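Have a look at run-v5.cif below; it lists mmCIF, C-alpha atoms.
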data_entry
loop_
_atom_site.label_atom_id
_atom_site.label_comp_id
_atom_site.auth_asym_id
_atom_site.auth_seq_id
_atom_site.Cartn_x
_atom_site.Cartn_y
_atom_site.Cartn_z
CA MET A 237 25.24 -20.57 -20.45
CA PHE A 238 24.39 -17.57 -22.60
CA GLY A 239 21.88 -19.29 -24.88
CA LEU A 240 24.12 -19.31 -27.96
CA CYS A 241 22.53 -19.54 -31.36
CA GLY A 242 23.69 -20.06 -34.91
CA LEU A 243 23.08 -17.87 -37.90
CA SER A 244 20.83 -20.44 -39.56
CA GLY A 245 17.70 -19.08 -37.90
CA GLN A 246 17.69 -21.53 -34.99
CA SER A 247 18.73 -20.63 -31.49
CA TYR A 248 18.94 -22.44 -28.21
CA ALA A 249 17.57 -21.48 -24.83
CA GLY A 250 19.50 -22.06 -21.64
CA ALA A 251 18.19 -25.63 -21.40
CA GLY A 252 18.94 -26.40 -25.05
CA GLU A 253 15.40 -25.97 -26.42
CA LYS A 254 15.28 -25.09 -30.13
CA ILE A 255 13.42 -21.92 -30.99
CA SER A 256 11.89 -21.71 -34.44
CA SER A 257 11.68 -18.35 -36.13
CA SER A 258 7.96 -19.03 -36.67
CA ARG A 259 7.44 -18.79 -32.91
CA ILE A 260 8.69 -15.21 -32.75
CA CYS A 261 6.01 -12.69 -31.71
CA PRO A 262 4.46 -10.94 -34.74
CA TYR A 263 5.32 -7.61 -33.05
CA PRO A 264 8.75 -8.29 -31.56
CA ILE A 265 11.04 -6.00 -29.64
CA PRO A 266 13.52 -4.82 -32.30
CA LEU A 267 16.98 -6.38 -32.29
CA VAL A 268 18.54 -2.92 -32.25
CA ASP A 269 17.02 -2.35 -28.80
CA PHE A 270 18.98 -5.34 -27.51
CA TYR A 271 22.18 -3.88 -28.92
CA ASP A 272 21.43 -0.55 -27.23
CA ALA A 273 20.77 -2.32 -23.94
CA TYR A 274 24.01 -4.26 -24.29
CA GLU A 275 26.02 -1.09 -24.91
CA ALA A 276 24.51 0.51 -21.81
CA CYS A 277 25.11 -2.61 -19.73
CA ARG A 278 28.76 -2.99 -20.66
CA GLN A 279 29.59 0.66 -20.11
CA HIS A 280 30.82 0.18 -16.55
CA THR A 281 31.27 -3.61 -16.44
CA ARG A 282 33.39 -4.36 -19.48
CA HIS A 283 36.37 -5.35 -17.31
CA THR A 284 34.44 -8.15 -15.58
CA ALA A 285 34.86 -11.78 -16.58
CA ALA A 286 31.15 -12.20 -17.29
CA ALA A 287 31.06 -9.20 -19.64
CA GLN A 288 34.19 -10.35 -21.47
CA LEU A 289 32.82 -13.87 -21.90
CA PHE A 290 29.59 -12.46 -23.33
CA GLU A 291 31.55 -10.12 -25.60
CA LEU A 292 33.49 -12.99 -27.19
CA ASP A 293 30.41 -13.80 -29.25
CA TYR A 294 28.10 -10.94 -28.41
CA GLU A 295 26.23 -10.94 -31.73
CA LYS A 296 25.12 -14.54 -31.32
CA ASN A 297 24.36 -13.99 -27.64
CA LEU A 298 22.19 -10.96 -28.40
CA GLU A 299 20.43 -12.82 -31.19
CA ALA A 300 19.69 -15.61 -28.72
CA LEU A 301 18.23 -13.12 -26.23
CA TYR A 302 16.20 -11.52 -29.00
CA LYS A 303 14.62 -14.84 -29.96
CA GLU A 304 14.06 -16.00 -26.39
CA VAL A 305 12.33 -12.78 -25.36
CA ASN A 306 10.19 -12.49 -28.47
CA SER A 307 9.18 -16.16 -28.35
CA GLY A 308 8.29 -16.00 -24.68
CA THR A 309 10.91 -18.58 -23.61
CA TYR A 310 13.29 -16.24 -21.78
CA LYS A 311 13.98 -17.28 -18.19
CA ILE A 312 16.09 -15.53 -15.59
CA SER A 313 19.32 -17.37 -14.81
CA PRO A 314 20.50 -18.13 -11.26
CA ALA A 315 22.14 -15.15 -9.56
CA THR A 316 25.31 -15.20 -7.48
CA ALA A 317 24.67 -14.26 -3.85
CA PHE A 318 27.31 -12.85 -1.53
CA VAL A 319 27.78 -10.31 1.24
CA VAL A 320 29.92 -7.19 0.93
CA ARG A 321 31.37 -5.70 4.10
CA GLU A 322 32.27 -2.17 3.03
CA PRO A 323 31.11 0.44 3.69
CA VAL A 324 28.50 -1.57 5.62
CA PRO A 325 27.42 -5.23 5.28
CA ARG A 326 25.03 -5.71 2.37
CA GLU A 327 23.53 -8.77 0.70
CA ILE A 328 24.09 -8.73 -3.06
CA PHE A 329 22.51 -10.87 -5.77
CA ALA A 330 24.66 -10.44 -8.88
CA SER A 331 22.66 -11.28 -12.00
CA ALA A 332 24.13 -13.10 -14.96
CA PHE A 333 25.33 -10.67 -17.60
CA ARG A 334 22.63 -11.71 -20.07
CA ASP A 335 20.00 -10.91 -17.44
CA ARG A 336 21.55 -7.52 -16.84
CA VAL A 337 21.19 -6.79 -20.54
CA ILE A 338 17.47 -7.56 -20.25
CA GLN A 339 17.21 -5.30 -17.19
CA HIS A 340 18.71 -2.43 -19.16
CA LEU A 341 16.31 -3.20 -22.01
CA VAL A 342 13.31 -2.94 -19.68
CA VAL A 343 14.56 0.26 -18.06
CA GLN A 344 15.08 1.89 -21.45
CA LYS A 345 11.45 1.13 -22.28
CA ILE A 346 9.84 2.43 -19.08
CA LEU A 347 12.26 5.01 -17.66
CA PRO A 348 10.74 8.03 -19.50
CA LEU A 349 7.38 7.33 -17.86
CA LEU A 350 8.96 6.68 -14.45
CA GLU A 351 10.86 9.97 -14.63
CA LYS A 352 7.61 11.86 -15.11
CA GLN A 353 6.41 10.51 -11.77
CA ASN A 354 9.38 11.86 -9.83
CA ILE A 355 9.31 15.16 -8.04
CA GLN A 356 12.16 17.61 -8.53
CA ASP A 357 13.56 16.95 -5.06
CA SER A 358 14.00 13.19 -5.43
CA TYR A 359 17.71 12.57 -5.99
CA ALA A 360 18.30 8.82 -5.95
CA CYS A 361 19.29 6.94 -9.12
CA ARG A 362 18.42 9.74 -11.51
CA ARG A 363 20.48 11.28 -14.27
CA GLY A 364 21.73 14.72 -13.27
CA LYS A 365 20.86 14.19 -9.58
CA GLY A 366 22.78 12.24 -6.95
CA THR A 367 24.30 12.85 -3.53
CA HIS A 368 26.02 16.17 -4.21
CA ALA A 369 22.95 17.68 -5.83
CA ALA A 370 20.83 16.60 -2.85
CA ILE A 371 23.30 18.18 -0.42
CA ARG A 372 23.28 21.46 -2.35
CA ARG A 373 19.48 21.51 -2.43
CA LEU A 374 19.28 20.76 1.28
CA ASP A 375 21.80 23.48 2.06
CA HIS A 376 19.66 25.93 0.07
CA PHE A 377 16.55 24.92 2.01
CA ILE A 378 18.27 25.23 5.37
CA ARG A 379 19.73 28.63 4.59
CA SER A 380 16.37 29.84 3.30
CA CYS A 381 14.43 28.61 6.32
CA SER A 382 16.96 29.71 8.95
CA GLN A 383 17.64 33.03 7.22
CA ASN A 384 21.23 32.06 6.59
CA TYR A 385 21.63 30.37 9.97
CA THR A 386 20.50 33.40 11.97
CA LYS A 387 17.20 31.87 13.16
CA GLU A 388 16.30 28.56 14.72
CA CYS A 389 15.38 25.81 12.28
CA TRP A 390 14.48 22.19 12.98
CA ILE A 391 15.17 19.07 10.94
CA LEU A 392 13.48 15.69 11.13
CA LYS A 393 15.39 12.79 9.61
CA LEU A 394 13.60 9.49 9.05
CA ASP A 395 14.77 6.09 7.88
CA ILE A 396 12.76 3.17 6.53
CA LYS A 397 13.96 0.02 8.22
CA GLY A 398 15.02 -2.66 5.72
CA PHE A 399 13.49 -0.72 2.84
CA PHE A 400 14.37 -3.02 -0.06
CA MET A 401 13.20 -6.11 1.82
CA SER A 402 9.92 -4.37 2.74
CA ILE A 403 8.81 -3.63 -0.82
CA ASP A 404 5.58 -5.47 -1.63
CA ARG A 405 6.03 -6.85 -5.14
CA THR A 406 2.30 -7.03 -5.85
CA ILE A 407 1.77 -3.39 -4.90
CA LEU A 408 4.77 -2.40 -7.01
CA TYR A 409 3.47 -4.33 -10.02
CA ARG A 410 0.00 -2.79 -9.73
CA GLN A 411 1.49 0.69 -9.55
CA LEU A 412 3.52 -0.02 -12.67
CA LEU A 413 0.49 -1.37 -14.54
CA SER A 414 -1.45 1.83 -13.93
CA LEU A 415 1.55 3.91 -14.97
CA LEU A 416 2.26 1.98 -18.17
CA THR A 417 -1.24 2.40 -19.60
CA PRO A 418 0.02 4.86 -22.27
CA LEU A 419 2.24 2.07 -23.63
CA CYS A 420 -0.53 -0.50 -24.05
CA ASN A 421 -1.05 0.41 -27.71
CA GLU A 422 2.57 -0.22 -28.62
CA PRO A 423 3.07 -3.48 -30.58
CA SER A 424 5.62 -4.99 -28.21
CA PHE A 425 3.93 -3.88 -24.97
CA SER A 426 2.91 -7.41 -23.95
CA LEU A 427 6.51 -8.60 -24.24
CA VAL A 428 7.84 -5.74 -22.12
CA LEU A 429 5.12 -6.36 -19.54
CA ALA A 430 6.04 -10.06 -19.41
CA LEU A 431 9.67 -9.15 -18.72
CA ILE A 432 8.67 -6.69 -15.99
CA SER A 433 6.46 -9.30 -14.34
CA GLN A 434 9.21 -11.92 -14.44
CA ILE A 435 11.81 -9.55 -13.01
CA ILE A 436 9.60 -8.30 -10.18
CA PHE A 437 8.21 -11.65 -9.06
CA HIS A 438 11.38 -13.71 -9.54
CA ASP A 439 12.74 -14.91 -6.21
CA PRO A 440 16.54 -15.23 -6.57
CA THR A 441 16.85 -17.07 -3.25
CA THR A 442 15.34 -20.23 -4.77
CA ASP A 443 18.16 -20.97 -7.21
CA CYS A 444 21.05 -18.65 -6.36
CA ILE A 445 24.70 -19.65 -6.22
CA ILE A 446 26.25 -18.85 -2.84
CA LYS A 447 29.66 -17.21 -3.16
CA ARG A 448 32.21 -16.95 -0.36
CA LYS A 449 31.15 -18.13 3.11
CA ARG A 450 27.65 -18.72 4.43
CA SER A 451 28.86 -17.33 7.73
CA ASP A 452 29.04 -13.91 6.07
CA TRP A 453 25.25 -13.70 6.45
CA ASN A 454 25.74 -13.62 10.21
CA LEU A 455 26.88 -10.02 9.75
CA LEU A 456 23.44 -9.02 8.46
CA PRO A 457 20.30 -8.32 10.47
CA GLN A 458 17.38 -10.36 9.17
CA GLU A 459 15.58 -7.31 7.79
CA LYS A 460 18.53 -6.78 5.42
CA SER A 461 18.34 -10.21 3.78
CA LEU A 462 16.00 -11.59 1.15
CA PHE A 463 16.34 -15.01 2.74
CA HIS A 464 14.33 -13.68 5.71
CA ALA A 465 11.99 -11.34 3.82
CA LYS A 466 8.25 -11.70 4.13
CA LYS A 467 6.69 -13.81 1.37
CA GLY A 468 5.97 -11.67 -1.67
CA CYS A 469 8.22 -8.87 -0.48
CA GLY A 470 11.71 -7.68 -1.28
CA LEU A 471 13.82 -6.68 -4.27
CA PRO A 472 17.39 -7.95 -4.63
CA LEU A 473 20.24 -5.50 -4.27
CA GLY A 474 22.38 -6.01 -7.35
CA ASN A 475 19.63 -5.79 -9.96
CA TYR A 476 19.72 -2.62 -12.05
CA THR A 477 15.92 -2.63 -12.11
CA SER A 478 15.73 -2.79 -8.31
CA GLN A 479 17.28 0.66 -8.03
CA ILE A 480 14.89 2.20 -10.53
CA LEU A 481 11.75 0.44 -9.29
CA ALA A 482 12.48 1.16 -5.63
CA ASN A 483 12.74 4.85 -6.44
CA PHE A 484 9.43 4.70 -8.30
CA TYR A 485 7.84 2.80 -5.39
CA LEU A 486 8.34 5.81 -3.11
CA SER A 487 7.34 8.44 -5.65
CA SER A 488 3.74 8.36 -4.42
CA PHE A 489 5.00 9.14 -0.93
CA ASP A 490 7.00 12.07 -2.33
CA HIS A 491 3.83 13.50 -3.88
CA PHE A 492 1.94 12.92 -0.64
CA SER A 493 4.57 14.84 1.32
CA LYS A 494 4.80 17.68 -1.18
CA HIS A 495 1.14 18.08 -2.19
CA ASP A 496 -1.05 16.59 0.54
CA LEU A 497 1.00 17.61 3.57
CA ARG A 498 2.12 20.74 1.68
CA ILE A 499 5.71 20.32 2.79
CA ARG A 500 7.66 22.88 0.84
CA ARG A 501 11.19 22.06 1.89
CA TYR A 502 11.59 18.36 1.32
CA VAL A 503 14.43 16.27 -0.10
CA ARG A 504 14.61 12.50 -0.48
CA TYR A 505 17.76 10.68 -1.27
CA GLY A 506 17.27 6.91 -1.16
CA HIS A 507 20.63 5.46 -2.17
CA CYS A 508 19.98 2.17 -3.94
CA SER A 509 23.58 1.04 -4.11
CA PHE A 510 25.75 -0.47 -1.39
CA GLU A 511 25.37 2.40 1.03
CA LYS A 512 22.17 3.68 2.65
CA GLU A 513 18.84 3.02 0.98
CA PHE A 514 16.52 5.24 2.94
CA PRO A 515 14.48 8.33 2.18
CA ALA A 516 15.61 11.18 4.37
CA ILE A 517 12.88 13.53 5.47
CA SER A 518 13.35 16.64 7.55
CA TYR A 519 11.01 19.21 8.96
CA SER A 520 11.86 22.78 9.84
CA CYS A 521 9.89 25.67 11.23
CA CYS A 522 10.73 29.27 10.60
CA PRO A 523 10.14 31.73 13.45
CA ARG A 524 7.78 33.69 11.23
CA LEU A 525 5.41 30.70 11.11
CA SER A 526 2.94 29.58 13.72
CA CYS A 527 5.06 26.58 14.72
CA LYS A 528 8.23 27.71 16.43
CA THR A 529 9.59 24.63 18.24
CA SER A 530 10.60 21.10 17.33
CA ALA A 531 7.33 19.78 18.77
CA SER A 532 5.36 21.61 16.08
CA TYR A 533 6.08 18.99 13.45
CA THR A 534 4.72 16.07 15.49
CA SER A 535 1.44 16.00 13.58
CA SER A 536 3.24 15.85 10.24
CA GLU A 537 5.45 13.04 11.47
CA GLU A 538 2.35 11.10 12.53
CA ASN A 539 0.73 11.66 9.12
CA VAL A 540 3.88 10.49 7.38
CA SER A 541 4.08 7.34 9.51
CA ALA A 542 0.41 6.50 8.95
CA THR A 543 0.79 6.90 5.20
CA MET A 544 3.84 4.68 5.07
CA GLN A 545 2.00 1.97 6.96
CA GLU A 546 -0.84 2.12 4.44
CA ARG A 547 1.45 1.96 1.41
CA GLY A 548 4.00 -0.56 2.64
CA PRO A 549 3.80 -1.09 5.42
CA PHE A 550 7.18 0.45 6.18
CA PRO A 551 8.54 0.50 9.73
CA TRP A 552 10.61 3.52 10.73
CA ASN A 553 14.09 2.80 11.97
CA PRO A 554 14.19 4.20 15.54
CA VAL A 555 17.97 4.58 15.33
CA GLN A 556 17.82 6.91 12.33
CA ALA A 557 14.57 8.77 13.06
CA ARG A 558 15.42 11.91 14.98
CA SER A 559 15.03 15.66 15.05
CA SER A 560 17.77 18.21 15.49
CA SER A 561 18.46 21.87 15.23
CA CYS A 562 19.43 23.22 11.85
CA LEU A 563 22.90 22.04 10.92
CA PRO A 564 24.22 21.05 7.46
CA THR A 565 23.57 17.37 6.91
CA CYS A 566 23.93 15.02 3.94
CA TYR A 567 20.65 13.19 4.39
CA GLY A 568 17.58 15.18 5.17
CA ALA A 569 15.26 17.89 4.05
CA CYS A 570 13.77 21.05 5.41
CA LEU A 571 10.02 21.01 5.70
CA GLN A 572 8.10 24.18 6.38
CA ASP A 573 4.59 24.34 7.80
CA SER A 574 2.20 25.45 5.07
CA ARG A 575 0.10 27.60 7.34
#

Show the structure stored in the file as structure tokens.
Amino acid sequence: MFGLCGLSGQSYAGAGEKISSSRICPYPIPLVDFYDAYEACRQHTRHTAAAQLFELDYEKNLEALYKEVNSGTYKISPATAFVVREPVPREIFASAFRDRVIQHLVVQKILPLLEKQNIQDSYACRRGKGTHAAIRRLDHFIRSCSQNYTKECWILKLDIKGFFMSIDRTILYRQLLSLLTPLCNEPSFSLVLALISQIIFHDPTTDCIIKRKRSDWNLLPQEKSLFHAKKGCGLPLGNYTSQILANFYLSSFDHFSKHDLRIRRYVRYGHCSFEKEFPAISYSCCPRLSCKTSASYTSSEENVSATMQERGPFPWNPVQARSSSCLPTCYGACLQDSR
């Protein structure tokens, strides 16, 4: 199950294939990196049965992963699929613990470069950010734009419908390739790239283990399920890498909003957990600017929608997309006309 190996230099893949030490890549990913990934992975999951089973012989299990990855024989194991009902129905694909270790390994390799792509006002799945920080930043923007709630201020909140299931894996992979160019001279770059490719393009619906009742999927709209996603699209909720990569996927849109549209007051919080996974965008107009009503941000909304169609395409959720007068809100951002 975990690809156990002995200390004699031979290990066994999931299917029982022997891996000779001579087949290891001449520039392997160091074994210590696997230990670091394991420590990060078990930090919040040590109480689970899968983590405890792995921990019973973690040295051999990590050695097996080390040899499988560096020999090019590593394969993703079947995930466990189920639906959670709280706080809202969500489809989850829980990876095997050994695969979660690999996901942490990949994130440790590429996260520094991904972080450089993020704007300051992106708050999802980032160290030192989060919901509370986004709320405080939004409150600052609203107070600044409305002159401490003494002037009218407008907010536009937008939601991407079925965001995770709308992600084009090919576009995501191409964006990552261009970003990871600085790493191409590192000895183990080809191995890391092979892991990234396998994680992104792996379709967990083909070999997953269904947990609980199949009728649970009746609670989900089709745009919230990988089983109904367009071919070549969708990242599974439950993968650690899905949270990080989804945030990176929208970073280009953040830069477009901030730099091309020159939107000064902008906050995005795309929660990649079991709650709401949408970027919240708001638009506000100060009385001192040329646009003084809610209708003044129509052109910006059209530009945003057109850009999302080019880069996704991403359909807006008509239920969540709305404008309102300036009131404190958890999801949103204040956008000020640059003129």

statement: Separating atom CA of Gly398 of chain A from atom CA of Arg336 of chain A, to the nearest tenth of an Å, is a gap of 24.0 Å

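With atom CA of Asp375 of chain A on one side and atom CA of Lys494 of chain A on the other, the separation reads 18.3 Å.
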
field: Test item: the PyMOL selection byres ((chain A and resi 441) around 10) resolved as a PyMOL selection string
entry: chain A and resi 314-317+329+438-440+442-446+461-464+472

- request: Show me as a PyMOL selection string the residues that reach within 12 Å of (1.0, -6.2, -4.4), counting all atoms listed in the file and using the file's own coordinates.
  value: chain A and resi 402-413+433+436-437+467-470+485+547-549

task: To one decimal in Å, tell me the separation between atom CA of Leu431 of chain A and atom CA of Ile338 of chain A.
output: 8.1 Å

Determine the residue set returned by the PyMOL selection byres ((chain A and resi 339) around 10) for the present structure, and present it as an mmCIF file with C-alpha atoms, in the frame of the given file.
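selection-v3.cif was written with the following content:
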data_model
loop_
_atom_site.group_PDB
_atom_site.id
_atom_site.type_symbol
_atom_site.label_atom_id
_atom_site.label_comp_id
_atom_site.auth_asym_id
_atom_site.auth_seq_id
_atom_site.Cartn_x
_atom_site.Cartn_y
_atom_site.Cartn_z
ATOM 1 C CA ALA A 273 20.770 -2.320 -23.940
ATOM 2 C CA TYR A 274 24.010 -4.260 -24.290
ATOM 3 C CA CYS A 277 25.110 -2.610 -19.730
ATOM 4 C CA SER A 331 22.660 -11.280 -12.000
ATOM 5 C CA PHE A 333 25.330 -10.670 -17.600
ATOM 6 C CA ARG A 334 22.630 -11.710 -20.070
ATOM 7 C CA ASP A 335 20.000 -10.910 -17.440
ATOM 8 C CA ARG A 336 21.550 -7.520 -16.840
ATOM 9 C CA VAL A 337 21.190 -6.790 -20.540
ATOM 10 C CA ILE A 338 17.470 -7.560 -20.250
ATOM 11 C CA HIS A 340 18.710 -2.430 -19.160
ATOM 12 C CA LEU A 341 16.310 -3.200 -22.010
ATOM 13 C CA VAL A 342 13.310 -2.940 -19.680
ATOM 14 C CA VAL A 343 14.560 0.260 -18.060
ATOM 15 C CA GLN A 344 15.080 1.890 -21.450
ATOM 16 C CA LEU A 431 9.670 -9.150 -18.720
ATOM 17 C CA ILE A 432 8.670 -6.690 -15.990
ATOM 18 C CA ILE A 435 11.810 -9.550 -13.010
ATOM 19 C CA ASN A 475 19.630 -5.790 -9.960
ATOM 20 C CA TYR A 476 19.720 -2.620 -12.050
ATOM 21 C CA THR A 477 15.920 -2.630 -12.110
ATOM 22 C CA SER A 478 15.730 -2.790 -8.310
#

message: List as a ChimeraX atom specification the residues having at least one atom at most 10 Å from position (19.3, -7.8, 6.0) as given in the file, counting all atoms listed in the file.
response: /A:325-327,397-401,453-465

task: Counting all atoms listed in the file, figure out which residue out of A:Arg373, A:Lys466, A:Arg278, A:Arg504 gets nearest to Asp490 of chain A.
output: A:Arg504

- prompt: If the PyMOL selection byres ((chain A and resi 271) around 10) is run on the structure shown, which residues does it catch, given as a PyMOL selection string?
  reply: chain A and resi 266-270+272-277+294-295+298-299+302+337+341
